[in-house]
$ cat target-v8.cif   # mmCIF, C-alpha atoms (C1' of nucleotides)
data_protein
loop_
_atom_site.label_atom_id
_atom_site.label_comp_id
_atom_site.auth_asym_id
_atom_site.auth_seq_id
_atom_site.Cartn_x
_atom_site.Cartn_y
_atom_site.Cartn_z
CA MET Q 298 67.19 152.26 147.76
CA GLU Q 299 69.55 149.49 146.67
CA LYS Q 300 67.33 146.69 145.48
CA THR Q 301 68.72 143.34 146.64
CA GLY Q 302 67.97 139.99 145.10
CA LEU Q 303 68.58 141.34 141.65
CA ARG Q 304 71.08 139.97 139.24
CA ALA Q 305 74.33 141.91 139.18
CA ASP Q 306 73.76 143.47 135.78
CA ALA Q 307 70.22 144.40 136.72
CA ARG Q 308 71.39 146.17 139.84
CA ARG Q 309 74.00 148.02 137.82
CA ASN Q 310 71.50 149.09 135.21
CA ARG Q 311 69.03 150.22 137.81
CA ALA Q 312 71.65 152.50 139.30
CA LYS Q 313 72.55 153.85 135.87
CA VAL Q 314 68.91 154.60 135.16
CA LEU Q 315 68.48 156.41 138.46
CA ALA Q 316 71.60 158.48 137.88
CA ALA Q 317 70.56 159.38 134.36
CA ALA Q 318 67.04 160.21 135.46
CA GLU Q 319 68.34 162.43 138.20
CA GLU Q 320 70.44 164.37 135.76
CA ALA Q 321 67.85 164.57 133.00
CA PHE Q 322 64.93 165.47 135.25
CA ALA Q 323 67.03 168.09 137.00
CA ALA Q 324 67.88 169.70 133.69
CA GLU Q 325 64.54 169.51 131.90
CA GLY Q 326 61.94 168.50 134.44
CA LEU Q 327 59.21 165.99 133.98
CA ALA Q 328 58.97 166.94 130.32
CA VAL Q 329 62.12 165.11 129.31
CA PRO Q 330 61.30 162.12 127.06
CA LEU Q 331 61.89 158.80 128.66
CA ASP Q 332 63.92 157.66 125.67
CA ASP Q 333 66.40 160.42 126.43
CA ILE Q 334 66.86 159.10 129.93
CA ALA Q 335 67.34 155.58 128.60
CA ARG Q 336 69.93 156.76 126.08
CA LEU Q 337 71.74 158.81 128.72
CA ALA Q 338 71.83 155.73 130.92
CA GLY Q 339 73.09 153.62 128.03
CA VAL Q 340 70.20 151.18 128.22
CA GLY Q 341 67.04 150.51 126.24
CA ALA Q 342 63.64 151.86 127.11
CA GLY Q 343 62.47 148.39 128.04
CA THR Q 344 65.10 148.21 130.75
CA VAL Q 345 63.80 151.37 132.33
CA TYR Q 346 60.33 149.86 132.44
CA ARG Q 347 61.60 146.67 133.97
CA HIS Q 348 62.75 148.66 136.98
CA PHE Q 349 60.06 151.32 137.21
CA PRO Q 350 56.43 150.80 136.24
CA SER Q 351 56.08 154.20 134.63
CA LYS Q 352 57.91 157.41 133.93
CA GLU Q 353 55.98 159.03 136.74
CA ALA Q 354 57.20 156.37 139.19
CA LEU Q 355 60.78 156.95 138.13
CA PHE Q 356 60.29 160.66 138.60
CA GLN Q 357 59.00 160.19 142.09
CA ALA Q 358 61.81 157.80 142.98
CA VAL Q 359 64.27 160.49 141.98
CA VAL Q 360 62.50 163.40 143.59
CA LEU Q 361 61.09 162.05 146.81
CA GLU Q 362 64.53 161.46 148.20
CA ARG Q 363 65.45 165.05 147.56
CA ILE Q 364 62.28 166.37 149.13
CA ASP Q 365 62.89 164.18 152.14
CA GLN Q 366 66.26 165.85 152.48
CA PHE Q 367 64.47 169.17 152.73
CA ALA Q 368 62.17 167.77 155.38
CA GLU Q 369 65.14 166.42 157.30
CA GLU Q 370 66.83 169.79 157.16
CA ALA Q 371 63.70 171.49 158.43
CA ARG Q 372 63.40 169.08 161.33
CA ALA Q 373 67.00 169.76 162.28
CA LEU Q 374 66.16 173.45 162.54
CA ALA Q 375 62.97 173.03 164.49
CA ALA Q 376 64.58 173.84 167.82
CA ALA Q 377 67.08 176.46 166.72
CA ASP Q 378 67.35 179.94 168.18
CA ASP Q 379 65.93 182.91 166.37
CA PRO Q 380 62.98 181.18 164.67
CA GLY Q 381 62.42 184.17 162.39
CA GLU Q 382 65.83 184.15 160.80
CA VAL Q 383 65.83 180.36 160.61
CA PHE Q 384 62.51 180.38 158.83
CA PHE Q 385 63.46 182.96 156.24
CA ASP Q 386 66.84 181.39 155.58
CA TYR Q 387 65.19 178.06 155.03
CA PHE Q 388 62.51 179.54 152.81
CA VAL Q 389 65.07 181.20 150.59
CA ARG Q 390 67.27 178.13 150.49
CA VAL Q 391 64.43 175.86 149.37
CA ILE Q 392 63.54 178.24 146.59
CA LYS Q 393 67.12 178.59 145.49
CA GLN Q 394 67.70 174.85 145.43
CA ALA Q 395 64.48 174.10 143.65
CA SER Q 396 65.00 176.82 141.07
CA LEU Q 397 68.25 175.11 140.09
CA ASN Q 398 66.49 171.79 139.62
CA ARG Q 399 63.54 171.50 137.29
CA ALA Q 400 62.61 168.18 138.82
CA LEU Q 401 62.06 169.76 142.21
CA CYS Q 402 60.34 172.64 140.54
CA ASP Q 403 57.87 170.38 138.77
CA ALA Q 404 57.37 168.21 141.83
CA LEU Q 405 56.52 171.15 144.06
CA THR Q 406 54.39 172.85 141.43
CA GLU Q 407 52.40 169.82 140.44
CA SER Q 408 49.13 170.42 142.23
CA THR Q 409 47.02 167.63 140.77
CA GLY Q 410 48.36 165.16 143.28
CA THR Q 411 50.69 162.56 141.90
CA GLY Q 412 50.85 161.40 145.46
CA PHE Q 413 53.30 163.95 146.79
CA LYS Q 414 50.72 165.41 149.05
CA ALA Q 415 49.90 162.11 150.70
CA ASP Q 416 53.38 160.69 150.38
CA ALA Q 417 56.71 161.85 151.69
CA GLY Q 418 55.97 165.32 150.43
CA ASP Q 419 53.78 165.47 153.45
CA GLU Q 420 56.72 165.23 155.78
CA PHE Q 421 58.21 168.24 154.12
CA ARG Q 422 55.02 170.19 154.50
CA VAL Q 423 54.67 169.30 158.15
CA ALA Q 424 58.29 170.08 158.99
CA PHE Q 425 58.10 173.38 157.17
CA ALA Q 426 54.86 174.23 158.94
CA VAL Q 427 56.62 173.78 162.26
CA LEU Q 428 59.26 176.32 161.30
CA LEU Q 429 56.52 178.64 160.17
CA GLU Q 430 54.56 178.38 163.38
CA ARG Q 431 57.62 179.00 165.47
CA ALA Q 432 58.45 182.08 163.44
CA GLN Q 433 54.89 183.28 163.80
CA ALA Q 434 54.93 182.68 167.54
CA ALA Q 435 58.11 184.72 167.71
CA GLY Q 436 56.34 187.54 165.91
CA ALA Q 437 58.63 187.42 162.89
CA VAL Q 438 56.07 186.25 160.33
CA ARG Q 439 52.54 187.52 159.79
CA ALA Q 440 49.85 185.38 161.37
CA ASP Q 441 47.42 185.09 158.48
CA ILE Q 442 49.44 182.41 156.69
CA ASP Q 443 49.45 178.65 157.02
CA GLY Q 444 51.50 175.79 155.63
CA ASP Q 445 49.47 175.48 152.46
CA ASP Q 446 49.82 179.17 151.80
CA LEU Q 447 53.54 178.78 152.17
CA ARG Q 448 53.68 176.03 149.63
CA ALA Q 449 51.71 178.16 147.21
CA LEU Q 450 54.12 181.04 147.75
CA ILE Q 451 57.03 178.74 147.01
CA VAL Q 452 55.37 177.76 143.76
CA GLY Q 453 54.94 181.43 142.97
CA CYS Q 454 58.57 182.21 143.72
CA LEU Q 455 59.64 179.36 141.49
CA ALA Q 456 57.57 180.79 138.67
CA VAL Q 457 59.19 184.17 139.21
CA GLU Q 458 62.62 182.61 139.20
CA ARG Q 459 61.87 180.73 136.02
CA TYR Q 460 60.55 183.82 134.30
CA ALA Q 461 63.32 186.12 135.44
CA PRO Q 462 66.26 183.90 136.36
CA GLY Q 463 68.68 185.20 138.91
CA SER Q 464 66.73 188.17 140.14
CA ARG Q 465 67.35 187.56 143.79
CA HIS Q 466 65.62 190.70 145.00
CA LEU Q 467 62.24 189.47 143.82
CA VAL Q 468 62.21 186.69 146.36
CA ARG Q 469 62.99 189.40 148.87
CA VAL Q 470 59.77 191.12 147.94
CA VAL Q 471 57.90 188.03 149.00
CA VAL Q 472 60.01 187.61 152.10
CA ASP Q 473 59.33 191.20 153.12
CA GLY Q 474 55.66 190.61 152.47
CA LEU Q 475 55.76 187.69 154.87
CA ARG Q 476 57.16 189.71 157.76
CA THR Q 477 54.80 190.89 160.42
CA PRO Q 478 53.36 194.18 159.12
CA MET U 1167 39.71 193.16 113.26
CA GLU U 1168 36.90 192.52 110.79
CA LYS U 1169 38.59 191.30 107.67
CA THR U 1170 36.99 192.90 104.60
CA GLY U 1171 37.18 191.52 101.08
CA LEU U 1172 36.22 188.08 102.30
CA ARG U 1173 33.27 186.15 101.09
CA ALA U 1174 30.26 186.38 103.38
CA ASP U 1175 30.52 182.82 104.66
CA ALA U 1176 34.23 183.19 105.17
CA ARG U 1177 33.75 186.29 107.27
CA ARG U 1178 31.12 184.51 109.31
CA ASN U 1179 33.33 181.50 109.90
CA ARG U 1180 36.26 183.66 110.85
CA ALA U 1181 34.15 185.29 113.53
CA LYS U 1182 32.93 181.92 114.78
CA VAL U 1183 36.51 180.67 115.02
CA LEU U 1184 37.60 183.72 116.96
CA ALA U 1185 34.70 183.40 119.36
CA ALA U 1186 35.32 179.71 119.90
CA ALA U 1187 39.04 180.27 120.34
CA GLU U 1188 38.41 182.98 122.89
CA GLU U 1189 36.22 180.68 124.91
CA ALA U 1190 38.40 177.60 124.61
CA PHE U 1191 41.69 179.38 125.27
CA ALA U 1192 40.17 181.17 128.24
CA ALA U 1193 39.06 177.87 129.72
CA GLU U 1194 42.07 175.69 129.00
CA GLY U 1195 44.87 177.94 127.84
CA LEU U 1196 47.20 177.32 124.97
CA ALA U 1197 47.06 173.59 125.63
CA VAL U 1198 43.59 173.14 124.16
CA PRO U 1199 43.75 171.05 120.97
CA LEU U 1200 43.01 172.98 117.84
CA ASP U 1201 40.46 170.40 116.80
CA ASP U 1202 38.45 171.24 119.88
CA ILE U 1203 38.33 174.87 118.86
CA ALA U 1204 37.25 173.91 115.36
CA ARG U 1205 34.51 171.66 116.69
CA LEU U 1206 33.32 174.33 119.10
CA ALA U 1207 33.18 176.77 116.22
CA GLY U 1208 31.30 174.26 114.10
CA VAL U 1209 33.91 174.26 111.34
CA GLY U 1210 36.65 171.95 110.14
CA ALA U 1211 40.28 172.23 111.10
CA GLY U 1212 41.14 173.29 107.57
CA THR U 1213 38.94 176.33 107.90
CA VAL U 1214 40.78 177.47 110.98
CA TYR U 1215 44.04 177.24 109.09
CA ARG U 1216 42.66 179.19 106.16
CA HIS U 1217 42.16 182.15 108.48
CA PHE U 1218 45.13 181.79 110.79
CA PRO U 1219 48.50 180.41 109.77
CA SER U 1220 49.01 178.51 113.00
CA LYS U 1221 47.48 177.79 116.34
CA GLU U 1222 49.94 180.20 117.86
CA ALA U 1223 48.78 182.98 115.56
CA LEU U 1224 45.18 182.35 116.51
CA PHE U 1225 46.14 182.47 120.15
CA GLN U 1226 47.85 185.80 119.73
CA ALA U 1227 44.92 187.22 117.78
CA VAL U 1228 42.67 186.34 120.68
CA VAL U 1229 44.98 187.49 123.43
CA LEU U 1230 46.64 190.60 122.12
CA GLU U 1231 43.38 192.45 122.06
CA ARG U 1232 42.83 191.63 125.70
CA ILE U 1233 46.30 192.70 126.70
CA ASP U 1234 45.85 195.93 124.80
CA GLN U 1235 42.79 196.57 126.92
CA PHE U 1236 44.99 196.32 129.98
CA ALA U 1237 47.44 198.77 128.46
CA GLU U 1238 44.62 201.16 127.63
CA GLU U 1239 43.35 200.96 131.18
CA ALA U 1240 46.80 201.67 132.53
CA ARG U 1241 47.21 204.71 130.29
CA ALA U 1242 43.87 206.05 131.49
CA LEU U 1243 45.17 205.90 135.06
CA ALA U 1244 48.53 207.46 134.34
CA ALA U 1245 47.50 210.91 135.55
CA ALA U 1246 45.21 209.93 138.41
CA ASP U 1247 45.59 211.12 141.96
CA ASP U 1248 47.11 208.90 144.61
CA PRO U 1249 49.54 206.97 142.43
CA GLY U 1250 50.14 204.42 145.14
CA GLU U 1251 46.58 203.28 145.48
CA VAL U 1252 46.07 203.40 141.73
CA PHE U 1253 49.09 201.22 141.19
CA PHE U 1254 48.13 198.56 143.70
CA ASP U 1255 44.52 198.46 142.56
CA TYR U 1256 45.66 197.98 139.01
CA PHE U 1257 48.18 195.32 139.98
CA VAL U 1258 45.56 193.33 141.83
CA ARG U 1259 43.01 193.76 139.07
CA VAL U 1260 45.37 192.47 136.38
CA ILE U 1261 46.16 189.40 138.43
CA LYS U 1262 42.52 188.75 139.19
CA GLN U 1263 41.47 189.06 135.58
CA ALA U 1264 44.31 186.94 134.29
CA SER U 1265 43.76 184.25 136.88
CA LEU U 1266 40.23 183.83 135.56
CA ASN U 1267 41.50 183.38 132.03
CA ARG U 1268 44.05 180.73 131.21
CA ALA U 1269 44.76 182.38 127.89
CA LEU U 1270 45.96 185.54 129.60
CA CYS U 1271 47.77 183.44 132.11
CA ASP U 1272 49.69 181.56 129.44
CA ALA U 1273 50.34 184.69 127.42
CA LEU U 1274 51.84 186.56 130.35
CA THR U 1275 53.76 183.57 131.58
CA GLU U 1276 55.24 182.56 128.25
CA SER U 1277 58.76 183.90 128.52
CA THR U 1278 60.30 182.36 125.41
CA GLY U 1279 59.09 185.24 123.28
CA THR U 1280 56.27 184.36 120.98
CA GLY U 1281 56.46 188.00 120.07
CA PHE U 1282 54.54 189.41 122.99
CA LYS U 1283 57.57 191.18 124.25
CA ALA U 1284 58.18 193.00 121.00
CA ASP U 1285 54.56 193.25 119.99
CA ALA U 1286 51.58 194.88 121.62
CA GLY U 1287 52.52 193.28 124.92
CA ASP U 1288 55.14 195.97 124.96
CA GLU U 1289 52.51 198.69 125.26
CA PHE U 1290 51.21 196.98 128.33
CA ARG U 1291 54.61 196.77 129.87
CA VAL U 1292 55.35 200.42 129.16
CA ALA U 1293 52.01 201.66 130.47
CA PHE U 1294 52.37 199.56 133.59
CA ALA U 1295 55.89 200.83 134.11
CA VAL U 1296 54.55 204.38 134.10
CA LEU U 1297 52.14 203.55 136.91
CA LEU U 1298 54.97 201.89 138.77
CA GLU U 1299 57.29 204.84 138.44
CA ARG U 1300 54.66 207.27 139.60
CA ALA U 1301 53.93 205.11 142.61
CA GLN U 1302 57.63 204.92 143.36
CA ALA U 1303 58.03 208.66 143.01
CA ALA U 1304 55.17 209.09 145.48
CA GLY U 1305 57.01 206.86 147.90
CA ALA U 1306 54.35 204.15 147.90
CA VAL U 1307 56.38 201.40 146.24
CA ARG U 1308 59.92 200.31 147.00
CA ALA U 1309 62.50 201.70 144.60
CA ASP U 1310 64.48 198.55 143.80
CA ILE U 1311 61.92 197.26 141.31
CA ASP U 1312 61.50 197.89 137.62
CA GLY U 1313 58.91 197.02 134.97
CA ASP U 1314 60.43 193.65 134.18
CA ASP U 1315 60.47 192.73 137.85
CA LEU U 1316 56.82 193.61 137.99
CA ARG U 1317 55.99 191.34 135.12
CA ALA U 1318 57.85 188.53 136.82
CA LEU U 1319 55.92 189.12 140.01
CA ILE U 1320 52.67 188.95 138.08
CA VAL U 1321 53.74 185.61 136.69
CA GLY U 1322 54.51 184.47 140.20
CA CYS U 1323 51.15 185.60 141.52
CA LEU U 1324 49.42 183.77 138.69
CA ALA U 1325 51.26 180.61 139.65
CA VAL U 1326 50.16 181.07 143.25
CA GLU U 1327 46.60 181.62 142.15
CA ARG U 1328 46.67 178.53 140.00
CA TYR U 1329 48.12 176.42 142.75
CA ALA U 1330 45.84 177.72 145.49
CA PRO U 1331 42.80 179.17 143.74
CA GLY U 1332 40.93 181.90 145.50
CA SER U 1333 43.39 182.62 148.28
CA ARG U 1334 43.20 186.36 147.98
CA HIS U 1335 45.45 187.08 150.93
CA LEU U 1336 48.46 185.58 149.18
CA VAL U 1337 48.48 188.31 146.61
CA ARG U 1338 48.39 190.68 149.54
CA VAL U 1339 51.65 189.21 150.76
CA VAL U 1340 53.25 190.28 147.51
CA VAL U 1341 51.53 193.65 147.59
CA ASP U 1342 52.80 194.28 151.11
CA GLY U 1343 56.24 193.22 150.00
CA LEU U 1344 56.11 195.84 147.26
CA ARG U 1345 55.39 198.69 149.63
CA THR U 1346 58.21 200.94 150.66
CA PRO U 1347 59.87 199.23 153.65
"C1'" DG E 1390 20.34 179.77 86.11
"C1'" DA E 1391 25.19 178.94 85.12
"C1'" DC E 1392 29.95 179.32 85.84
"C1'" DG E 1393 34.36 180.44 87.91
"C1'" DA E 1394 36.50 181.64 92.03
"C1'" DT E 1395 36.53 181.06 96.75
"C1'" DA E 1396 35.96 178.53 100.82
"C1'" DC E 1397 34.75 174.31 103.34
"C1'" DG E 1398 35.37 169.82 105.89
"C1'" DG E 1399 37.63 166.24 107.63
"C1'" DA E 1400 40.45 162.40 106.35
"C1'" DG E 1401 45.13 161.75 106.48
"C1'" DC E 1402 50.18 162.85 107.11
"C1'" DC E 1403 53.94 163.40 110.20
"C1'" DA E 1404 56.19 163.87 114.48
"C1'" DT E 1405 56.36 162.97 119.41
"C1'" DC E 1406 56.13 160.08 123.34
"C1'" DG E 1407 54.59 156.64 126.79
"C1'" DT E 1408 54.42 151.88 126.93
"C1'" DT E 1409 54.70 146.92 125.48
"C1'" DC E 1410 56.64 142.83 123.34
"C1'" DC E 1411 59.85 139.49 121.96
"C1'" DG E 1412 64.07 137.35 120.02
"C1'" DG E 1413 68.51 137.31 121.67
"C1'" DT E 1414 72.01 137.68 125.49
"C1'" DT E 1415 74.02 137.18 129.92
"C1'" DG E 1416 74.48 136.03 134.78
"C1'" DT E 1417 74.07 132.28 138.05
"C1'" DC E 1418 74.35 127.88 139.91
"C1'" DA E 1419 74.96 123.10 139.78
"C1'" DT Y 619 80.54 123.91 131.15
"C1'" DG Y 620 75.84 123.49 130.34
"C1'" DA Y 621 71.28 124.95 131.00
"C1'" DC Y 622 67.78 127.75 132.73
"C1'" DA Y 623 65.98 131.81 134.36
"C1'" DA Y 624 66.50 136.57 134.45
"C1'" DC Y 625 67.46 140.37 131.87
"C1'" DC Y 626 68.41 143.29 127.84
"C1'" DG Y 627 67.72 146.37 123.66
"C1'" DG Y 628 65.12 148.51 120.60
"C1'" DA Y 629 61.52 147.87 117.19
"C1'" DA Y 630 56.76 148.49 117.14
"C1'" DC Y 631 52.17 150.02 118.87
"C1'" DG Y 632 48.69 153.33 120.07
"C1'" DA Y 633 47.35 157.82 121.38
"C1'" DT Y 634 47.73 162.67 120.74
"C1'" DG Y 635 47.97 166.79 118.23
"C1'" DG Y 636 49.62 170.27 114.69
"C1'" DC Y 637 49.05 170.91 110.02
"C1'" DT Y 638 47.99 169.85 104.85
"C1'" DC Y 639 45.49 168.27 100.87
"C1'" DC Y 640 41.84 167.77 97.83
"C1'" DG Y 641 37.19 166.54 96.37
"C1'" DT Y 642 33.03 168.99 97.22
"C1'" DA Y 643 29.93 172.77 98.38
"C1'" DT Y 644 28.89 177.58 98.38
"C1'" DC Y 645 29.08 182.41 97.05
"C1'" DG Y 646 29.03 186.24 93.90
"C1'" DT Y 647 28.41 187.73 89.36
"C1'" DC Y 648 26.64 187.83 84.62
#
$ encode --input "target-v8.cif" --output "structure tokens"
Amino acid sequence: MEKTGLRADARRNRAKVLAAAEEAFAAEGLAVPLDDIARLAGVGAGTVYRHFPSKEALFQAVVLERIDQFAEEARALAAADDPGEVFFDYFVRVIKQASLNRALCDALTESTGTGFKADAGDEFRVAFAVLLERAQAAGAVRADIDGDDLRALIVGCLAVERYAPGSRHLVRVVVDGLRTP
Amino acid sequence: MEKTGLRADARRNRAKVLAAAEEAFAAEGLAVPLDDIARLAGVGAGTVYRHFPSKEALFQAVVLERIDQFAEEARALAAADDPGEVFFDYFVRVIKQASLNRALCDALTESTGTGFKADAGDEFRVAFAVLLERAQAAGAVRADIDGDDLRALIVGCLAVERYAPGSRHLVRVVVDGLRTP
DNA sequence: GACGATACGGAGCCATCGTTCCGGTTGTCA
DNA sequence: TGACAACCGGAACGATGGCTCCGTATCGTC
């Protein structure tokens, strides 16, 4: 995370860029102009490019960490009691968090692999799949669903949330649909 | 639809533009460059703008007709037997059709009103709401859902379909979630 | 045919945005 | 403190795409 071997001002600027990018991407998603991020960070566009080869790379730097947090959380729950409840709680929490953060939203939605699938996003998928399988084994979740399906359903829920913000009961429709019939 | 009082060549070009726009929007959605539509129609960009004040207006001209068809279909089913089955069949059909047509997809998804909400899109929403209410009255669909919720769920299903094309059983998750618990 | 109105095409304008370049500045180390 | 390398800001470039403008072509009518 903290790049060493940089000059002091460079290290400071890098941190400012990351903070600004986190805020701007969270608010407006990948669509935010890079110049806005630079202005928010109080640096020039050139400085951003000195630290990150492209806007996409900056985006990933900001977002991968967050997605890894999700994966970590999922791993921590992998041995918990009541796999059904754990699974649904986690599912709802991920959607809630992501719907508050356009960056996460865009990262999860982006299908045409920017590398999330092969990269750390993979850890998330695997960890989530474990929760799913445990919930299925416990008979709480229907069996005709796999990890990829789950990801697609998350994307769908995010679209719902974006279209009709704050309608909590719509996610419940999906959750109920996931229960064993 | 057919503008009268136009010169013969103008009428012909207008039709060519509409046909090209229908094809291009269906394939690539609102994102297709207007120049592509003009080229596909075999006319210049200026000609497109002589007939439609903006790209957005052309898009609506293409799409509203299609959405009206949906509304018409819904009205025709409003008195059918077995409201539950009718409702779910219709729901699935709309999603299937729209997922094959990026123009419909974008039109339904677009929340920041381009006028669809107030315009003919309203007829669709009303007609669909009638089917929903009948299905609810028959006890086939959960009661804590209204027409707007339904629209949001359609948007969600379209996102799922876009992310994981062809996974029919995911729509079934939503359908099952809509059934009376 | 000839002539005026109508319509056409596509070059060009303007705005946006990712990215690069370079003259000037600043940190670091002797 | 001096000097060099590292770094900075922001102007400029190139690509994209919506939209306009105007010289030219075509249509409809007499």
$ resolve_selection --input "target-v8.cif" --expression "the PyMOL selection byres ((chain Q and resi 370-380) around 6)" --output "PDB file with C-alpha atoms, keeping the file's coordinate frame"
ATOM      1  CA  PHE Q 367      64.470 169.170 152.730  1.00  0.00           C
ATOM      2  CA  ALA Q 368      62.170 167.770 155.380  1.00  0.00           C
ATOM      3  CA  GLU Q 369      65.140 166.420 157.300  1.00  0.00           C
ATOM      4  CA  GLY Q 381      62.420 184.170 162.390  1.00  0.00           C
ATOM      5  CA  GLU Q 382      65.830 184.150 160.800  1.00  0.00           C
ATOM      6  CA  VAL Q 383      65.830 180.360 160.610  1.00  0.00           C
ATOM      7  CA  PHE Q 384      62.510 180.380 158.830  1.00  0.00           C
ATOM      8  CA  ALA Q 424      58.290 170.080 158.990  1.00  0.00           C
ATOM      9  CA  LEU Q 428      59.260 176.320 161.300  1.00  0.00           C
ATOM     10  CA  ARG Q 431      57.620 179.000 165.470  1.00  0.00           C
ATOM     11  CA  ALA Q 432      58.450 182.080 163.440  1.00  0.00           C
TER      12      ALA Q 432
END
$ interface_residues --input "target-v8.cif" --of "chain Q" --to "chain U" --cutoff "8 Å" --atoms "all atoms listed in the file" --output "PyMOL selection string"
chain Q and resi 406+408+446+449-450+452-458+460-461+467+469-475
$ resolve_selection --input "target-v8.cif" --expression "the PyMOL selection byres ((chain E) within 12 of (chain Q))" --output "VMD selection string"
chain E and resid 1405 to 1411 1414 to 1417
$ closest_atom_pairs --input "target-v8.cif" --of "chain Y" --to "chain Q" --cutoff "8 Å" --atoms "only C-alpha atoms (C1' of nucleotides)" --output "Markdown table"
| residue | atom | partner | partner_atom | distance |
| --- | --- | --- | --- | --- |
| Y:DA624 | C1' | Q:Arg304 | CA | 7.4 |
| Y:DC625 | C1' | Q:Ala307 | CA | 6.9 |
| Y:DC626 | C1' | Q:Thr344 | CA | 6.6 |
| Y:DG627 | C1' | Q:Gly341 | CA | 4.9 |
| Y:DG628 | C1' | Q:Gly341 | CA | 6.3 |
$ atom_distance --input "target-v8.cif" --atom1 "CA of Ile392 in chain Q" --atom2 "CA of Ala437 in chain Q"
19.3 Å
$ resolve_selection --input "target-v8.cif" --expression "the PyMOL selection byres ((chain Y and resi 643) around 9)" --output "number ranges by chain"
E: 1396-1397; Y: 642, 644
$ atom_distance --input "target-v8.cif" --atom1 "CA of Ala1223 in chain U" --atom2 "CA of Lys1262 in chain U"
25.1 Å
$ closest_residue --input "target-v8.cif" --among "Q:Val427, Q:Val389, Q:Ala323, Q:Val438" --to "Arg465 in chain Q" --atoms "all atoms listed in the file"
Q:Val389
$ atom_distance --input "target-v8.cif" --atom1 "CA of Tyr1256 in chain U" --atom2 "CA of Leu1184 in chain U"
27.5 Å
$ residues_around --input "target-v8.cif" --residues "Arg1268 in chain U" --least-positions-apart "2" --cutoff "8 Å" --atoms "only C-alpha atoms (C1' of nucleotides)" --output "compact mmCIF listing (two decimals) with C-alpha atoms, keeping the file's coordinate frame"
# COMPACT_ATOMS: atom_id res chain seq x y z
CA PHE U 1191 41.69 179.38 125.27
CA ALA U 1192 40.17 181.17 128.24
CA ALA U 1193 39.06 177.87 129.72
CA GLU U 1194 42.07 175.69 129.00
CA GLY U 1195 44.87 177.94 127.84
CA LEU U 1196 47.20 177.32 124.97
CA ALA U 1264 44.31 186.94 134.29
CA SER U 1265 43.76 184.25 136.88
CA LEU U 1266 40.23 183.83 135.56
CA LEU U 1270 45.96 185.54 129.60
CA CYS U 1271 47.77 183.44 132.11
CA ASP U 1272 49.69 181.56 129.44
$ residues_near_point --input "target-v8.cif" --point "(32.5, 186.8, 90.9)" --cutoff "9 Å" --atoms "only C-alpha atoms (C1' of nucleotides)" --output "list in words"
DG1393 and DA1394 of chain E; DC645, DG646, DT647 and DC648 of chain Y
$ closest_residue --input "target-v8.cif" --among "U:Val1214, U:Ile1203, U:Ala1197, U:Ala1186" --to "DC637 in chain Y" --atoms "only C-alpha atoms (C1' of nucleotides)"
U:Val1214
$ decode --input "target-v8.cif" --residues "range 1290-1301 of chain U" --atoms "N, CA and C atoms" --output "short mmCIF file (atom, residue, chain, number, x, y, z; two decimals), in the first residue's frame"
data_model
loop_
_atom_site.label_atom_id
_atom_site.label_comp_id
_atom_site.auth_asym_id
_atom_site.auth_seq_id
_atom_site.Cartn_x
_atom_site.Cartn_y
_atom_site.Cartn_z
N PHE U 1290 -47.85 1.64 -20.26
CA PHE U 1290 -47.28 0.34 -19.95
C PHE U 1290 -47.34 0.07 -18.46
N ARG U 1291 -46.90 1.05 -17.71
CA ARG U 1291 -46.85 0.86 -16.27
C ARG U 1291 -48.24 0.60 -15.71
N VAL U 1292 -49.20 1.38 -16.20
CA VAL U 1292 -50.58 1.22 -15.71
C VAL U 1292 -51.12 -0.15 -16.07
N ALA U 1293 -50.93 -0.54 -17.33
CA ALA U 1293 -51.49 -1.82 -17.77
C ALA U 1293 -50.85 -2.98 -17.02
N PHE U 1294 -49.55 -2.83 -16.76
CA PHE U 1294 -48.85 -3.89 -16.03
C PHE U 1294 -49.35 -3.93 -14.59
N ALA U 1295 -49.59 -2.75 -14.03
CA ALA U 1295 -50.06 -2.69 -12.65
C ALA U 1295 -51.41 -3.39 -12.51
N VAL U 1296 -52.23 -3.30 -13.56
CA VAL U 1296 -53.53 -3.98 -13.51
C VAL U 1296 -53.33 -5.49 -13.40
N LEU U 1297 -52.43 -6.00 -14.25
CA LEU U 1297 -52.14 -7.45 -14.17
C LEU U 1297 -51.64 -7.82 -12.79
N LEU U 1298 -50.78 -6.97 -12.27
CA LEU U 1298 -50.22 -7.24 -10.94
C LEU U 1298 -51.32 -7.29 -9.90
N GLU U 1299 -52.18 -6.30 -9.92
CA GLU U 1299 -53.21 -6.25 -8.88
C GLU U 1299 -54.16 -7.45 -8.97
N ARG U 1300 -54.47 -7.83 -10.18
CA ARG U 1300 -55.34 -9.00 -10.33
C ARG U 1300 -54.65 -10.25 -9.78
N ALA U 1301 -53.38 -10.36 -10.07
CA ALA U 1301 -52.64 -11.54 -9.57
C ALA U 1301 -52.55 -11.50 -8.04
#
